[in-house]
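Novice: Pasting target.tsv below, which is TSV, C-alpha atoms and all ligand atoms.
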chain	number	residue	atom	x	y	z
W	3	MET	CA	49.82	-77.09	-21.34
W	4	GLN	CA	50.35	-77.20	-25.10
W	5	GLU	CA	47.11	-79.16	-25.57
W	6	GLN	CA	45.16	-76.63	-23.55
W	7	VAL	CA	46.43	-73.77	-25.68
W	8	LEU	CA	45.39	-75.46	-28.92
W	9	ASP	CA	41.70	-75.94	-28.08
W	10	GLY	CA	40.89	-72.80	-30.05
W	11	SER	CA	40.22	-70.55	-27.05
W	12	ASP	CA	42.51	-67.94	-28.64
W	13	PHE	CA	39.86	-67.57	-31.34
W	14	VAL	CA	36.91	-66.89	-29.04
W	15	ARG	CA	36.06	-63.24	-29.63
W	16	ASP	CA	35.08	-60.75	-26.97
W	17	LYS	CA	31.77	-59.46	-28.38
W	18	SER	CA	31.81	-56.38	-26.18
W	19	LYS	CA	34.94	-55.00	-27.88
W	20	VAL	CA	34.80	-53.53	-31.39
W	21	ALA	CA	37.77	-54.44	-33.61
W	22	TRP	CA	38.21	-50.83	-34.71
W	23	ILE	CA	40.89	-51.24	-37.37
W	24	THR	CA	38.93	-54.01	-39.12
W	25	ALA	CA	35.64	-52.11	-38.74
W	26	ILE	CA	37.08	-48.91	-40.22
W	27	PHE	CA	38.65	-50.70	-43.18
W	28	MET	CA	35.47	-52.71	-43.85
W	29	THR	CA	33.44	-49.48	-43.87
W	30	LEU	CA	35.91	-47.80	-46.24
W	31	PHE	CA	35.96	-50.76	-48.62
W	32	HIS	CA	32.15	-50.99	-48.72
W	33	LEU	CA	31.88	-47.24	-49.41
W	34	GLY	CA	34.53	-47.58	-52.13
W	35	ALA	CA	32.60	-50.48	-53.69
W	36	ILE	CA	29.43	-48.37	-53.85
W	37	ALA	CA	31.38	-45.42	-55.26
W	38	ALA	CA	32.77	-47.69	-58.01
W	39	LEU	CA	29.24	-48.19	-59.37
W	40	PHE	CA	29.19	-44.52	-60.39
W	41	PHE	CA	32.31	-44.97	-62.53
W	42	PHE	CA	31.35	-48.00	-64.58
W	43	SER	CA	33.40	-49.11	-67.56
W	44	TRP	CA	33.75	-52.56	-69.13
W	45	LYS	CA	37.51	-52.32	-68.82
W	46	ASN	CA	37.23	-51.78	-65.06
W	47	VAL	CA	34.74	-54.64	-64.73
W	48	ALA	CA	37.09	-56.96	-66.63
W	49	VAL	CA	39.99	-56.01	-64.34
W	50	ALA	CA	37.80	-56.60	-61.27
W	51	VAL	CA	36.62	-60.04	-62.45
W	52	ALA	CA	40.15	-61.14	-63.38
W	53	LEU	CA	41.47	-60.05	-59.98
W	54	LEU	CA	38.49	-61.68	-58.26
W	55	TRP	CA	39.58	-64.99	-59.77
W	56	VAL	CA	43.26	-64.43	-58.95
W	57	SER	CA	42.57	-63.50	-55.31
W	58	GLY	CA	39.54	-65.71	-54.57
W	59	GLY	CA	40.17	-68.73	-56.80
W	60	TRP	CA	43.97	-69.03	-57.03
W	61	GLY	CA	44.70	-67.31	-53.72
W	62	ILE	CA	42.03	-68.35	-51.22
W	63	GLY	CA	40.54	-71.53	-52.74
W	64	MET	CA	43.61	-73.18	-54.25
W	65	GLY	CA	46.31	-71.53	-52.10
W	66	TYR	CA	45.19	-70.76	-48.56
W	67	HIS	CA	42.49	-73.43	-48.39
W	68	ARG	CA	43.26	-76.55	-50.41
W	69	LEU	CA	47.07	-76.26	-50.38
W	70	LEU	CA	48.15	-74.55	-47.13
W	71	THR	CA	45.36	-75.54	-44.74
W	72	HIS	CA	44.57	-79.08	-45.88
W	73	ARG	CA	47.61	-80.01	-48.00
W	74	GLY	CA	45.39	-81.51	-50.69
W	75	PHE	CA	48.29	-81.43	-53.17
W	76	LYS	CA	51.97	-80.61	-53.41
W	77	SER	CA	53.53	-77.83	-55.49
W	78	PRO	CA	56.99	-76.35	-56.03
W	79	ARG	CA	57.81	-73.80	-53.35
W	80	TRP	CA	57.75	-70.85	-55.80
W	81	LEU	CA	54.22	-71.73	-56.90
W	82	GLU	CA	53.08	-72.18	-53.30
W	83	TYR	CA	54.43	-68.68	-52.53
W	84	PHE	CA	52.78	-67.24	-55.63
W	85	LEU	CA	49.36	-68.67	-54.72
W	86	THR	CA	49.82	-67.41	-51.15
W	87	ILE	CA	50.61	-63.88	-52.34
W	88	CYS	CA	47.44	-64.06	-54.48
W	89	GLY	CA	45.62	-65.02	-51.26
W	90	THR	CA	46.73	-61.86	-49.47
W	91	LEU	CA	44.97	-59.87	-52.22
W	92	ALA	CA	41.59	-61.04	-50.89
W	93	LEU	CA	42.15	-58.98	-47.71
W	94	GLU	CA	41.36	-61.96	-45.49
W	95	GLY	CA	44.58	-61.70	-43.48
W	96	GLY	CA	47.91	-63.41	-44.01
W	97	PRO	CA	48.49	-67.16	-44.42
W	98	LEU	CA	49.02	-68.06	-40.75
W	99	PHE	CA	45.91	-66.18	-39.65
W	100	TRP	CA	43.70	-67.73	-42.32
W	101	VAL	CA	45.03	-71.26	-41.96
W	102	ALA	CA	44.85	-71.19	-38.15
W	103	THR	CA	41.29	-69.84	-38.16
W	104	HIS	CA	40.18	-72.40	-40.72
W	105	ARG	CA	41.76	-75.36	-38.94
W	106	ILE	CA	39.93	-74.32	-35.76
W	107	HIS	CA	36.73	-74.11	-37.83
W	108	HIS	CA	37.20	-77.73	-38.93
W	109	ARG	CA	38.09	-78.89	-35.44
W	110	ASN	CA	35.09	-77.23	-33.74
W	111	SER	CA	32.60	-76.97	-36.65
W	112	ASP	CA	29.27	-75.66	-35.33
W	113	GLN	CA	30.35	-76.48	-31.78
W	114	PRO	CA	31.58	-74.14	-29.06
W	115	GLY	CA	34.92	-72.75	-30.25
W	116	ASP	CA	33.98	-72.50	-33.94
W	117	PRO	CA	35.10	-68.96	-34.93
W	118	HIS	CA	32.13	-68.48	-37.29
W	119	SER	CA	29.15	-70.78	-36.85
W	120	PRO	CA	25.60	-69.73	-37.89
W	121	ARG	CA	24.45	-71.37	-34.64
W	122	ASP	CA	25.71	-68.11	-33.10
W	123	GLY	CA	23.65	-66.12	-35.63
W	124	ALA	CA	23.63	-65.87	-39.42
W	125	TRP	CA	25.05	-62.33	-39.40
W	126	TRP	CA	27.69	-63.38	-36.89
W	127	SER	CA	28.91	-66.22	-39.12
W	128	HIS	CA	28.92	-64.00	-42.21
W	129	MET	CA	30.69	-60.84	-41.08
W	130	GLY	CA	29.99	-60.13	-37.41
W	131	TRP	CA	32.80	-62.32	-36.11
W	132	ILE	CA	35.57	-60.25	-37.71
W	133	LEU	CA	34.20	-56.95	-36.38
W	134	VAL	CA	34.64	-57.66	-32.68
W	135	GLY	CA	37.33	-58.84	-30.31
W	136	GLU	CA	40.96	-59.32	-31.12
W	137	SER	CA	41.75	-60.04	-34.75
W	138	MET	CA	45.21	-61.61	-34.10
W	139	HIS	CA	45.93	-60.74	-37.73
W	140	SER	CA	49.62	-60.21	-37.14
W	141	ASP	CA	50.13	-61.98	-33.84
W	142	THR	CA	52.44	-64.49	-35.47
W	143	THR	CA	53.69	-65.92	-32.17
W	144	ARG	CA	50.22	-67.03	-31.12
W	145	LEU	CA	49.13	-68.07	-34.62
W	146	ALA	CA	52.28	-70.15	-35.02
W	147	ARG	CA	50.99	-72.63	-32.45
W	148	TYR	CA	48.01	-73.41	-34.69
W	149	ALA	CA	49.98	-73.61	-37.93
W	150	PRO	CA	53.43	-74.86	-36.88
W	151	ASP	CA	54.06	-76.20	-40.40
W	152	LEU	CA	53.79	-72.70	-41.88
W	153	ALA	CA	55.53	-71.02	-38.96
W	154	LYS	CA	58.76	-72.82	-39.90
W	155	ASP	CA	58.87	-70.71	-43.05
W	156	ASP	CA	60.16	-67.15	-42.57
W	157	PHE	CA	58.38	-65.94	-45.70
W	158	TYR	CA	54.97	-67.01	-44.37
W	159	MET	CA	55.73	-65.40	-41.01
W	160	TRP	CA	56.71	-62.18	-42.77
W	161	LEU	CA	53.72	-62.22	-45.12
W	162	THR	CA	51.35	-62.77	-42.19
W	163	LYS	CA	52.61	-59.59	-40.53
W	164	TRP	CA	52.69	-57.60	-43.77
W	165	HIS	CA	49.75	-59.18	-45.61
W	166	TRP	CA	48.47	-55.78	-46.85
W	167	VAL	CA	51.69	-54.93	-48.72
W	168	PRO	CA	50.86	-56.83	-51.98
W	169	GLN	CA	47.42	-55.15	-51.99
W	170	VAL	CA	48.99	-51.69	-51.76
W	171	LEU	CA	51.46	-52.52	-54.55
W	172	LEU	CA	48.59	-53.79	-56.72
W	173	GLY	CA	46.60	-50.62	-55.97
W	174	LEU	CA	49.53	-48.42	-57.05
W	175	THR	CA	49.94	-50.45	-60.25
W	176	LEU	CA	46.25	-50.05	-61.10
W	177	LEU	CA	46.49	-46.34	-60.34
W	178	ALA	CA	49.42	-45.98	-62.74
W	179	PHE	CA	47.77	-47.91	-65.59
W	180	GLY	CA	44.07	-47.20	-65.20
W	181	GLY	CA	43.65	-44.21	-62.91
W	182	TRP	CA	41.68	-44.02	-59.69
W	183	THR	CA	38.44	-45.47	-61.15
W	184	MET	CA	40.36	-48.68	-61.86
W	185	VAL	CA	41.49	-48.65	-58.22
W	186	LEU	CA	37.84	-48.33	-57.15
W	187	TRP	CA	36.91	-51.37	-59.23
W	188	GLY	CA	40.05	-53.48	-59.02
W	189	ILE	CA	40.63	-52.97	-55.29
W	190	PHE	CA	37.56	-51.65	-53.43
W	191	PHE	CA	34.71	-53.26	-55.38
W	192	ARG	CA	36.60	-56.50	-56.08
W	193	VAL	CA	37.80	-56.96	-52.48
W	194	THR	CA	34.37	-56.20	-50.99
W	195	ILE	CA	32.43	-58.55	-53.27
W	196	GLY	CA	35.13	-61.21	-52.86
W	197	LEU	CA	34.89	-61.00	-49.07
W	198	HIS	CA	31.13	-61.55	-49.19
W	199	PHE	CA	31.60	-64.54	-51.51
W	200	THR	CA	34.06	-66.11	-49.04
W	201	TRP	CA	31.85	-65.25	-46.07
W	202	LEU	CA	28.92	-67.00	-47.78
W	203	VAL	CA	30.90	-70.23	-47.45
W	204	ASN	CA	30.96	-69.66	-43.66
W	205	SER	CA	27.34	-68.52	-43.39
W	206	ALA	CA	25.12	-69.82	-46.21
W	207	THR	CA	26.73	-73.24	-46.70
W	208	HIS	CA	26.33	-73.99	-42.99
W	209	MET	CA	22.59	-73.15	-43.24
W	210	TRP	CA	21.15	-73.83	-46.70
W	211	GLY	CA	21.62	-76.55	-49.29
W	212	SER	CA	21.79	-80.32	-49.37
W	213	ARG	CA	23.72	-82.77	-47.25
W	214	ARG	CA	25.24	-85.75	-49.08
W	215	TYR	CA	27.26	-86.76	-46.00
W	216	GLN	CA	25.86	-86.84	-42.48
W	217	THR	CA	28.78	-84.97	-40.93
W	218	LYS	CA	28.62	-83.86	-37.30
W	219	ASP	CA	28.49	-80.19	-38.38
W	220	ASP	CA	25.78	-78.34	-40.35
W	221	SER	CA	27.78	-78.09	-43.61
W	222	ARG	CA	25.86	-78.20	-46.87
W	223	ASN	CA	26.41	-78.25	-50.62
W	224	LEU	CA	25.04	-75.04	-52.11
W	225	TRP	CA	25.38	-74.60	-55.86
W	226	TRP	CA	25.10	-70.83	-56.06
W	227	VAL	CA	27.82	-70.31	-53.46
W	228	ALA	CA	30.00	-72.77	-55.41
W	229	MET	CA	29.42	-70.63	-58.52
W	230	VAL	CA	30.68	-67.42	-56.89
W	231	SER	CA	33.52	-69.04	-54.92
W	232	TRP	CA	35.12	-71.06	-57.75
W	233	GLY	CA	33.93	-74.34	-56.22
W	234	GLU	CA	34.20	-73.77	-52.46
W	235	GLY	CA	30.43	-74.07	-52.00
W	236	TRP	CA	30.44	-77.90	-52.11
W	237	HIS	CA	31.06	-77.51	-48.44
W	238	ASN	CA	29.41	-80.66	-47.12
W	239	ASN	CA	31.58	-82.72	-49.46
W	240	HIS	CA	34.54	-80.79	-48.11
W	241	HIS	CA	33.77	-81.20	-44.40
W	242	ALA	CA	33.32	-84.93	-45.00
W	243	ASN	CA	36.62	-85.17	-46.92
W	244	PRO	CA	38.78	-82.24	-45.76
W	245	THR	CA	42.04	-83.27	-47.43
W	246	SER	CA	40.52	-83.90	-50.85
W	247	ALA	CA	41.72	-81.29	-53.34
W	248	ARG	CA	38.47	-81.90	-55.18
W	249	HIS	CA	35.28	-80.51	-53.58
W	250	GLY	CA	32.75	-80.87	-56.41
W	251	LEU	CA	32.44	-84.65	-56.54
W	252	ALA	CA	29.56	-85.30	-58.95
W	253	TRP	CA	29.90	-84.36	-62.62
W	254	TYR	CA	27.34	-81.57	-62.18
W	255	GLU	CA	29.17	-80.03	-59.22
W	256	LEU	CA	31.31	-77.42	-60.99
W	257	ASP	CA	34.59	-76.92	-59.14
W	258	ILE	CA	36.82	-74.49	-61.01
W	259	ASN	CA	39.50	-74.55	-58.29
W	260	TYR	CA	39.86	-78.31	-58.74
W	261	MET	CA	39.93	-77.93	-62.53
W	262	MET	CA	42.85	-75.54	-62.11
W	263	ILE	CA	44.62	-77.94	-59.71
W	264	ARG	CA	44.08	-80.68	-62.30
W	265	LEU	CA	45.60	-78.40	-64.94
W	266	LEU	CA	48.61	-77.86	-62.68
W	267	GLU	CA	48.84	-81.63	-62.26
W	268	LEU	CA	48.79	-82.20	-66.01
W	269	THR	CA	51.62	-79.69	-66.45
W	270	GLY	CA	53.60	-81.30	-63.64
W	271	LEU	CA	53.20	-78.35	-61.26
W	272	ALA	CA	50.91	-80.18	-58.81
W	273	LYS	CA	51.78	-83.60	-57.43
W	274	LYS	CA	50.20	-86.06	-54.99
W	275	VAL	CA	46.76	-84.54	-55.61
W	276	LYS	CA	44.38	-86.10	-53.09
W	277	VAL	CA	41.00	-86.83	-54.65
W	278	VAL	CA	38.12	-88.56	-52.91
W	279	LYS	CA	35.84	-90.58	-55.18
W	280	LEU	CA	32.10	-90.35	-54.91
W	281	PRO	CA	30.79	-93.78	-53.86
W	282	SER	CA	28.59	-94.85	-56.77
W	283	LYS	CA	25.89	-96.04	-54.38
W	284	LEU	CA	25.46	-92.50	-53.11
W	285	VAL	CA	24.69	-91.19	-56.56
W	286	THR	CA	21.95	-93.66	-57.35
W	287	ALA	CA	20.52	-94.68	-53.97
W	288	PRO	CA	17.30	-93.12	-52.67
W	289	ALA	CA	17.87	-90.46	-50.00
W	290	HIS	CA	17.29	-92.67	-46.95
W	291	GLU	CA	19.67	-95.33	-48.20
W	292	ALA	CA	22.27	-92.73	-49.02
W	293	GLU	CA	22.03	-91.45	-45.47
W	294	GLN	CA	22.59	-94.89	-44.03
W	295	HIS	CA	25.58	-95.33	-46.25
W	296	ALA	CA	26.95	-91.96	-45.15
W	297	GLU	CA	26.59	-92.95	-41.50
W	298	HIS	CA	28.82	-95.94	-42.10
W	299	GLN	CA	31.40	-93.58	-43.52
W	300	GLU	CA	31.30	-91.19	-40.60
W	301	GLU	CA	34.06	-92.77	-38.54
W	302	HIS	CA	36.38	-92.70	-41.52
W	303	GLN	CA	35.47	-89.06	-42.15
W	304	GLU	CA	36.15	-88.05	-38.57
W	305	ALA	CA	39.60	-89.56	-38.87
W	306	ALA	CA	40.17	-87.52	-42.02
W	307	GLY	CA	39.14	-84.35	-40.18
W	308	VAL	CA	41.69	-84.91	-37.45
W	309	ALA	CA	44.38	-85.69	-39.96
W	310	ALA	CA	43.55	-82.48	-41.77
W	311	TYR	CA	44.21	-80.52	-38.63
W	312	GLY	CA	47.73	-80.92	-37.17
W	313	ASP	CA	49.23	-81.59	-40.62
V	401	ZN	ZN	32.65	-75.07	-42.83
V	402	ZN	ZN	38.48	-76.51	-45.15
Could you show the structure in this file as structure tokens?
Specialist:
Amino acid sequence: MQEQVLDGSDFVRDKSKVAWITAIFMTLFHLGAIAALFFFSWKNVAVAVALLWVSGGWGIGMGYHRLLTHRGFKSPRWLEYFLTICGTLALEGGPLFWVATHRIHHRNSDQPGDPHSPRDGAWWSHMGWILVGESMHSDTTRLARYAPDLAKDDFYMWLTKWHWVPQVLLGLTLLAFGGWTMVLWGIFFRVTIGLHFTWLVNSATHMWGSRRYQTKDDSRNLWWVAMVSWGEGWHNNHHANPTSARHGLAWYELDINYMMIRLLELTGLAKKVKVVKLPSKLVTAPAHEAEQHAEHQEEHQEAAGVAAYGD
């Protein structure tokens, strides 16, 4: 019974039903982002970029993804909560929703049951999947089955239901200090652009780029997505080594989220940081040899994928 429930069927979306609340908010945020362009100021741009890093880098990349979903490192509870609150500012749902969806993505990558695979269409994998069916955003009872580790924590349960509250508080703060044009930039423009950057990880890095590891999914390493997502675009490295807190493995694969985790480690705020090393043979071997080598690794990688799930 329990096994049957956890196959990810809860995440299969009914394409004939529009998710109205999500659709309306997405429309409003896109219109707000366009409106922001008419009220340009360097101050507003600086606020937007800073908040883009806080929400996308600290919140989604370091918090929701590498810490909560895959447990790539350990942090004091207060810091874990702080990064999670930053994550809610990206408007990608609360922690249980995000973590559950992403664990199902790893379990069913590019297979039936993957919530957002480009095999179902590029547009679908980018944005289409959130616009239809049931969002389950605040259905904590159902989400809890996919993230039982987080469901034990009342704060995460609460924040999943009320994930929009920090955003509203931030909006009011910006309104008080910078007026409504700062709200346009710091909330509407920043959230909209940040959503597309995250969605590119689901769409572009499962279609375009290079494959260092022959994983069973279509994941790829795509430098320009890594640039706009603070390092999340080294997605083939990540699918091959899900629990590694480091995604950019070669020296030229810039991974700002890992650099920040490393900084936390140096200051004692991150412990047990899991880091996969790039096999030296892979760096120097010609492509066909590298592929053979990667095939040998596949079994080991599969095991890592499973471990990453029911953590
Ligand atoms: Zn993926
Ligand atoms: Zn992941």
Novice: List all protein, DNA and RNA residues that have any atom at most 7 Å from ligand ZN 402 (chain V), counting all atoms listed in the file, and write the list as a CSV table (one decimal) with C-alpha atoms, in the frame of the given file.
Specialist:
chain,number,residue,atom,x,y,z
W,67,HIS,CA,42.5,-73.4,-48.4
W,71,THR,CA,45.4,-75.5,-44.7
W,72,HIS,CA,44.6,-79.1,-45.9
W,104,HIS,CA,40.2,-72.4,-40.7
W,108,HIS,CA,37.2,-77.7,-38.9
W,240,HIS,CA,34.5,-80.8,-48.1
W,241,HIS,CA,33.8,-81.2,-44.4
W,244,PRO,CA,38.8,-82.2,-45.8
Novice: Would you pick out the contacts of Lys76 of chain W at 8 Å or less, using only C-alpha atoms, so that residues sharing its chain but fewer than 2 positions from it are not included, and give the list as an MDAnalysis selection string?
Specialist: chainID W and resid 69 73:74 78 272:275
Novice: Find the residues of chain W that sit at most 7 Å from ligand ZN 401 (chain V); for each, write down the nearest two atoms and how far apart they are in Å, to one decimal. Count all atoms listed in the file. Sort by chain, then by number going up, and give it as a tab-separated table.
Specialist:
residue	atom	partner	partner_atom	distance
W:His107	CA	V:ZN401	ZN	6.5
W:His108	CA	V:ZN401	ZN	6.6
W:Ser111	CA	V:ZN401	ZN	6.5
W:Val203	CA	V:ZN401	ZN	6.9
W:Asn204	CA	V:ZN401	ZN	5.7
W:His208	CA	V:ZN401	ZN	6.4
W:Ser221	CA	V:ZN401	ZN	5.8
W:His237	CA	V:ZN401	ZN	6.3
W:His241	CA	V:ZN401	ZN	6.4
Novice: Hey, can you spit out that residue selection with C-alpha atoms as a JSON list (two decimals), in the frame of the given file?
Specialist:
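As written to disk, result03.json reads:
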[["chain", "number", "residue", "atom", "x", "y", "z"],
["W", 107, "HIS", "CA", 36.73, -74.11, -37.83],
["W", 108, "HIS", "CA", 37.20, -77.73, -38.93],
["W", 111, "SER", "CA", 32.60, -76.97, -36.65],
["W", 203, "VAL", "CA", 30.90, -70.23, -47.45],
["W", 204, "ASN", "CA", 30.96, -69.66, -43.66],
["W", 208, "HIS", "CA", 26.33, -73.99, -42.99],
["W", 221, "SER", "CA", 27.78, -78.09, -43.61],
["W", 237, "HIS", "CA", 31.06, -77.51, -48.44],
["W", 241, "HIS", "CA", 33.77, -81.20, -44.40]]
Novice: As an exercise, work out the distance from atom CA of Ser231 of chain W to atom CA of Ala25 of chain W in Å and give it to one decimal place.
Specialist: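 For atom CA of Ser231 of chain W relative to atom CA of Ala25 of chain W, the distance reads 23.5 Å.
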Novice: Find the spatial neighbours of His139 of chain W, counting all atoms listed in the file, within a cut-off of 8 Å - ignore same-chain residues fewer than 6 positions away - and output them as a ChimeraX atom specification.
Specialist: /W:95-96,99,162-163
Novice: Quote the spacing between atom CA of Glu136 of chain W and atom CA of Asp16 of chain W in Å to one decimal place.
Specialist: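 That distance, rounded to one decimal, is 7.3 Å.
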Novice: Rounded to one decimal in Å, what is the spacing between atom CA of Leu224 of chain W and atom CA of Ala38 of chain W?
Specialist: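 Taking atom CA of Leu224 of chain W and atom CA of Ala38 of chain W, their separation equals 29.0 Å.
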Novice: For Val167 of chain W, which residue out of W:Ile87, W:Ala153, W:Val134, W:Val49 is the nearest one, using all atoms listed in the file?
Specialist: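 Distance minimum relative to Val167 of chain W lands on W:Ile87.
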Novice: If we count all atoms listed in the file and set the cut-off at 7 Å, which residues sit around segment 128-130 of chain W, ignoring sequence neighbours fewer than 6 positions away in its own chain? Please answer as a list in words.
Specialist: Trp201, Leu202, Asn204 and Ser205 of chain W
Novice: Could you list, as an mmCIF file with C-alpha atoms, in the coordinates of the input, every residue within 12 Å of Asp12 of chain W, counting all atoms listed in the file and ignoring same-chain residues fewer than 4 positions away?
Specialist:
data_model
loop_
_atom_site.group_PDB
_atom_site.id
_atom_site.type_symbol
_atom_site.label_atom_id
_atom_site.label_comp_id
_atom_site.auth_asym_id
_atom_site.auth_seq_id
_atom_site.Cartn_x
_atom_site.Cartn_y
_atom_site.Cartn_z
ATOM 1 C CA GLN W 6 45.160 -76.630 -23.550
ATOM 2 C CA VAL W 7 46.430 -73.770 -25.680
ATOM 3 C CA LEU W 8 45.390 -75.460 -28.920
ATOM 4 C CA ASP W 16 35.080 -60.750 -26.970
ATOM 5 C CA PHE W 99 45.910 -66.180 -39.650
ATOM 6 C CA ALA W 102 44.850 -71.190 -38.150
ATOM 7 C CA THR W 103 41.290 -69.840 -38.160
ATOM 8 C CA ILE W 106 39.930 -74.320 -35.760
ATOM 9 C CA GLY W 115 34.920 -72.750 -30.250
ATOM 10 C CA ASP W 116 33.980 -72.500 -33.940
ATOM 11 C CA PRO W 117 35.100 -68.960 -34.930
ATOM 12 C CA GLY W 135 37.330 -58.840 -30.310
ATOM 13 C CA GLU W 136 40.960 -59.320 -31.120
ATOM 14 C CA SER W 137 41.750 -60.040 -34.750
ATOM 15 C CA MET W 138 45.210 -61.610 -34.100
ATOM 16 C CA ASP W 141 50.130 -61.980 -33.840
ATOM 17 C CA THR W 143 53.690 -65.920 -32.170
ATOM 18 C CA ARG W 144 50.220 -67.030 -31.120
ATOM 19 C CA LEU W 145 49.130 -68.070 -34.620
ATOM 20 C CA ALA W 146 52.280 -70.150 -35.020
ATOM 21 C CA ARG W 147 50.990 -72.630 -32.450
ATOM 22 C CA TYR W 148 48.010 -73.410 -34.690
#
Novice: May I ask which of the residues W:Pro150, W:Gly188, W:Gly270, W:Pro120 is the closest one to Met209 of chain W, counting all atoms listed in the file?
Specialist: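 With all atoms listed in the file as the atom set, the closest residue is W:Pro120.
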Novice: Determine, counting all atoms listed in the file, which protein, DNA and RNA residues have an atom within 9 Å of an atom of segment 59-62 of chain W; residues of the same chain fewer than 3 positions away are not included. Present the result as JSON, numbers by chain.
Specialist: {"W": [54, 55, 56, 65, 66, 67, 68, 84, 85, 86, 87, 88, 89, 90, 91, 92, 94, 200, 231, 232, 233, 234, 258, 259, 262]}
Novice: Those residues with C-alpha atoms, as an mmCIF file, in the frame of the given file please?
Specialist:
data_model
loop_
_atom_site.group_PDB
_atom_site.id
_atom_site.type_symbol
_atom_site.label_atom_id
_atom_site.label_comp_id
_atom_site.auth_asym_id
_atom_site.auth_seq_id
_atom_site.Cartn_x
_atom_site.Cartn_y
_atom_site.Cartn_z
ATOM 1 C CA LEU W 54 38.490 -61.680 -58.260
ATOM 2 C CA TRP W 55 39.580 -64.990 -59.770
ATOM 3 C CA VAL W 56 43.260 -64.430 -58.950
ATOM 4 C CA GLY W 65 46.310 -71.530 -52.100
ATOM 5 C CA TYR W 66 45.190 -70.760 -48.560
ATOM 6 C CA HIS W 67 42.490 -73.430 -48.390
ATOM 7 C CA ARG W 68 43.260 -76.550 -50.410
ATOM 8 C CA PHE W 84 52.780 -67.240 -55.630
ATOM 9 C CA LEU W 85 49.360 -68.670 -54.720
ATOM 10 C CA THR W 86 49.820 -67.410 -51.150
ATOM 11 C CA ILE W 87 50.610 -63.880 -52.340
ATOM 12 C CA CYS W 88 47.440 -64.060 -54.480
ATOM 13 C CA GLY W 89 45.620 -65.020 -51.260
ATOM 14 C CA THR W 90 46.730 -61.860 -49.470
ATOM 15 C CA LEU W 91 44.970 -59.870 -52.220
ATOM 16 C CA ALA W 92 41.590 -61.040 -50.890
ATOM 17 C CA GLU W 94 41.360 -61.960 -45.490
ATOM 18 C CA THR W 200 34.060 -66.110 -49.040
ATOM 19 C CA SER W 231 33.520 -69.040 -54.920
ATOM 20 C CA TRP W 232 35.120 -71.060 -57.750
ATOM 21 C CA GLY W 233 33.930 -74.340 -56.220
ATOM 22 C CA GLU W 234 34.200 -73.770 -52.460
ATOM 23 C CA ILE W 258 36.820 -74.490 -61.010
ATOM 24 C CA ASN W 259 39.500 -74.550 -58.290
ATOM 25 C CA MET W 262 42.850 -75.540 -62.110
#
Novice: Pick the closest to Tyr83 of chain W from W:Leu53, W:Leu152, W:Trp125, W:Gly173: which is it, counting only C-alpha atoms?
Specialist: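 For Tyr83 of chain W, the nearest of the given residues is W:Leu152.
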Novice: Please determine the residues with any atom at most 12 Å from (41.1, -43.5, -55.8) (coordinates as given in the file, with all atoms listed in the file counting) and report them as JSON, numbers by chain.
Specialist: {"W": [30, 31, 33, 34, 35, 37, 38, 41, 173, 174, 176, 177, 178, 180, 181, 182, 183, 184, 185, 186, 187, 188, 189, 190, 191]}
